[in-house]
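Enquirer: Following this message is one structure expressed as structure tokens.
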Amino acid sequence: MLLFSSLVFLAATAAGFIGSLTGLGGGVVITPVLALLFHVDLRYAMGASLVSVIATSSGAASAYVREGFSNVRIGLLLEIATTCGAIVGAVVATHTPTAALSSIMGVLLLFSAYSSTRPHPDHLANTADPLAHRFRLNGEYPSENGIKKYEVQGVKSGFSLMFGAGVTSGLLGIGSGALKVIAMDRLMRIPFKVSTATSNFMIGVTAAASAGVYLRRGWIVPDVTMPVVLGVLVGSLIGARMLSGAPVKILRYLFAAVVGILAIEMIYGGITGRL
Amino acid sequence: MTMNDDRLDRIVGVVLRTGVILAAALVLVGGIALLATHGQQVPDYHKFHPQSTPLTTIGGVWHGAIHLEPIYLIQLGLLVLIATPVVRVITCVAGFALGRDWMYAAVSLIVLVCLLASITISGL
């Protein structure tokens, strides 16, 4: 157990480190690494991943909140959708064979490897959705050119996609940060920095909604989760300190490649019934 | 006392940091104790054991943790971690209510009900 814990701790530290440097969130690789490299049962791996996602989200969110990027109102309103979705996802997960879960996860990993290498242009909208006015979602954020205002669009479509992000989070034990950012950045036209900060903020609440279900089903086991949580926390703290001056672009592609390989292994493991 | 968004943001930040630090401390202490006492044991994580144990209930975890059993201390830390976003949402309910922002007090309350439902409804 000493050896297992040390190796898992090191792997989780690396995942947390690269995750926070590239802004992709290391949580997405935790489950495949535990399941493929350490042969941990997929359900225990998903439980450990879900808890570590809450740790990094809460740790990072406290920093983002200070910097004024995240929008608490947008976060809370959309959390209605993500928490309901997460409960549905977690309940479905407990009735789904692990072979199917690992294949679904593989497909999602491929998608996030692809989307992480895409550029993120900021496209500010001039006209806001009337719903954005009603719910007072429009806000401002600090940029290089001083405080910038933004107007929010597509509240209904963003809300719907957030339900899907919640389902994915509960179904696979991940943060679903990539989907959340797409909902805010592409559909609701919220500036990328505000989208990522608010997404990070929401991930913890979303994951907490499925954690209750996972806990009761015995998917969250302390001896597996302990090195994962500590490693991811340490790694993401180091990553956050080193944010300036790191070759983020190379790391991004490297990380995308690793995620892609893990994705194919997960699908293969699912189809052959190994996982 | 007036409650505005900036102030609420700061309080939420403190709540999140406190929760993570407390949880990490519990997991670390429990983890060191577990490895010191059971470090040589070969664990079995390869197969899923679907039985219900005290580790799967809040009461069971609390009972083990107050007897300072390492494995329960870790699990208590994980529960604190899971509770941290819940406390954050409670803080938002209170904060918006103090600021007389009833719309967002209600929004936060709906999120809180969803969270508590997932934790308390045992059929899920």
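Quick note on naming: the chains in the structure tokens go A, B, ... in the order shown, residues restart at 1 in each chain, and ligands are numbered from 1 in order of appearance.
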Report as a tab-separated table: every residue of chain A with an atom at most 6 Å from chain B, its closest pair of atoms, and their distance in Å to one decimal, counting only C-alpha atoms, with rows sorted by chain and ascending residue number.
Expert:
residue	atom	partner	partner_atom	distance
A:Met1	CA	B:Gly39	CA	5.3
A:Leu2	CA	B:Gly39	CA	4.9
A:His39	CA	B:His46	CA	5.9
A:Val40	CA	B:His46	CA	4.8
A:Asp41	CA	B:His46	CA	4.9
A:Ser58	CA	B:Leu16	CA	5.4
A:Ser62	CA	B:Gly13	CA	4.3
A:Ile80	CA	B:Val111	CA	5.1
A:Gly204	CA	B:Pro85	CA	5.8
A:Val205	CA	B:Pro85	CA	5.1
A:Ala208	CA	B:Ile82	CA	5.4
A:Ala209	CA	B:Leu115	CA	5.0
A:Gly212	CA	B:Ile119	CA	4.4
A:Leu215	CA	B:Thr56	CA	5.4
A:Arg216	CA	B:Thr56	CA	4.9
A:Gly218	CA	B:Thr56	CA	5.6
A:Pro222	CA	B:Gln75	CA	5.3
Enquirer: Restrict the selected residues to C-alpha atoms and save them as a PDB file, in the first residue's frame.
Expert:
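Printed below is selection-v3.pdb as written:
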ATOM      1  CA  MET A   1       0.000   0.000   0.000  1.00  0.00           C
ATOM      2  CA  LEU A   2       2.913   2.359   0.716  1.00  0.00           C
ATOM      3  CA  HIS A  39      -5.745  -1.392 -12.409  1.00  0.00           C
ATOM      4  CA  VAL A  40      -8.107   0.205  -9.921  1.00  0.00           C
ATOM      5  CA  ASP A  41     -11.772  -0.697 -10.445  1.00  0.00           C
ATOM      6  CA  SER A  58     -12.583  24.904  -4.435  1.00  0.00           C
ATOM      7  CA  SER A  62     -10.955  30.960  -4.004  1.00  0.00           C
ATOM      8  CA  ILE A  80     -29.515  24.789 -10.941  1.00  0.00           C
ATOM      9  CA  GLY A 204     -17.237  21.943  -7.140  1.00  0.00           C
ATOM     10  CA  VAL A 205     -20.970  22.400  -6.624  1.00  0.00           C
ATOM     11  CA  ALA A 208     -20.824  17.682  -4.819  1.00  0.00           C
ATOM     12  CA  ALA A 209     -24.291  16.896  -6.195  1.00  0.00           C
ATOM     13  CA  GLY A 212     -23.670  12.013  -2.283  1.00  0.00           C
ATOM     14  CA  LEU A 215     -20.668   7.860  -1.420  1.00  0.00           C
ATOM     15  CA  ARG A 216     -23.780   5.821  -0.644  1.00  0.00           C
ATOM     16  CA  GLY A 218     -19.445   2.806  -1.846  1.00  0.00           C
ATOM     17  CA  PRO A 222     -10.486   6.513   1.480  1.00  0.00           C
TER      18      PRO A 222
END
Enquirer: As a PyMOL selection string, please: the residues near region 262-269 of chain A (cut-off 12 Å, only C-alpha atoms, same-chain neighbours under 5 positions excluded).
Expert: chain A and resi 28-37+39+42+98-114+255-257+274-275
Enquirer: Output the selection as a PDB file, in the first residue's frame - C-alpha atoms for each residue.
Expert:
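out_6.pdb, written as the output of this step:
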ATOM      1  CA  VAL A  28     -10.037  14.318 -16.632  1.00  0.00           C
ATOM      2  CA  VAL A  29      -6.948  12.055 -16.683  1.00  0.00           C
ATOM      3  CA  ILE A  30      -7.240  10.769 -13.089  1.00  0.00           C
ATOM      4  CA  THR A  31      -9.799   8.054 -13.821  1.00  0.00           C
ATOM      5  CA  PRO A  32      -8.041   6.604 -16.899  1.00  0.00           C
ATOM      6  CA  VAL A  33      -4.636   6.702 -15.159  1.00  0.00           C
ATOM      7  CA  LEU A  34      -5.984   4.884 -12.081  1.00  0.00           C
ATOM      8  CA  ALA A  35      -7.937   2.360 -14.149  1.00  0.00           C
ATOM      9  CA  LEU A  36      -5.337   1.687 -16.864  1.00  0.00           C
ATOM     10  CA  LEU A  37      -1.997   2.073 -15.055  1.00  0.00           C
ATOM     11  CA  HIS A  39      -5.745  -1.392 -12.409  1.00  0.00           C
ATOM     12  CA  LEU A  42     -13.400   1.944 -12.635  1.00  0.00           C
ATOM     13  CA  THR A  98     -18.367  -0.247 -16.450  1.00  0.00           C
ATOM     14  CA  ALA A  99     -17.513  -1.323 -20.011  1.00  0.00           C
ATOM     15  CA  ALA A 100     -20.050   1.196 -21.320  1.00  0.00           C
ATOM     16  CA  LEU A 101     -18.858   3.895 -18.893  1.00  0.00           C
ATOM     17  CA  SER A 102     -15.241   3.539 -19.970  1.00  0.00           C
ATOM     18  CA  SER A 103     -16.175   3.733 -23.651  1.00  0.00           C
ATOM     19  CA  ILE A 104     -18.256   6.873 -23.086  1.00  0.00           C
ATOM     20  CA  MET A 105     -15.382   8.355 -21.132  1.00  0.00           C
ATOM     21  CA  GLY A 106     -12.981   7.547 -23.970  1.00  0.00           C
ATOM     22  CA  VAL A 107     -15.167   9.397 -26.461  1.00  0.00           C
ATOM     23  CA  LEU A 108     -15.386  12.393 -24.132  1.00  0.00           C
ATOM     24  CA  LEU A 109     -11.595  12.380 -23.638  1.00  0.00           C
ATOM     25  CA  LEU A 110     -11.060  12.402 -27.416  1.00  0.00           C
ATOM     26  CA  PHE A 111     -13.386  15.373 -27.655  1.00  0.00           C
ATOM     27  CA  SER A 112     -11.611  17.303 -24.901  1.00  0.00           C
ATOM     28  CA  ALA A 113      -8.183  16.516 -26.395  1.00  0.00           C
ATOM     29  CA  TYR A 114      -9.421  17.987 -29.673  1.00  0.00           C
ATOM     30  CA  PHE A 255      -1.348  17.048 -22.644  1.00  0.00           C
ATOM     31  CA  ALA A 256      -3.788  16.731 -25.545  1.00  0.00           C
ATOM     32  CA  ALA A 257      -1.664  13.883 -26.947  1.00  0.00           C
ATOM     33  CA  ARG A 274     -11.237  -5.401 -19.534  1.00  0.00           C
ATOM     34  CA  LEU A 275     -12.491  -2.316 -17.676  1.00  0.00           C
TER      35      LEU A 275
END
Enquirer: Using CA of Phe38 (chain A) and CA of Ser52 (chain A) as the two end points, give the distance in Å to one decimal.
Expert: 17.0 Å
Enquirer: Among region 53-223 of chain A, which residues carry a DSSP assignment of strand (DSSP E), reported as JSON, numbers by chain?
Expert: {"A": [139, 140, 141, 142, 143, 146, 147, 148, 149, 150]}
Enquirer: Find the distance between CA of Asp185 (chain A) and CA of Pro247 (chain A) and write it in Å to one decimal.
Expert: 24.2 Å
Enquirer: What's the separation between CA of Trp102 (chain B) and CA of Asn138 (chain A), in Å to one decimal place?
Expert: 17.8 Å
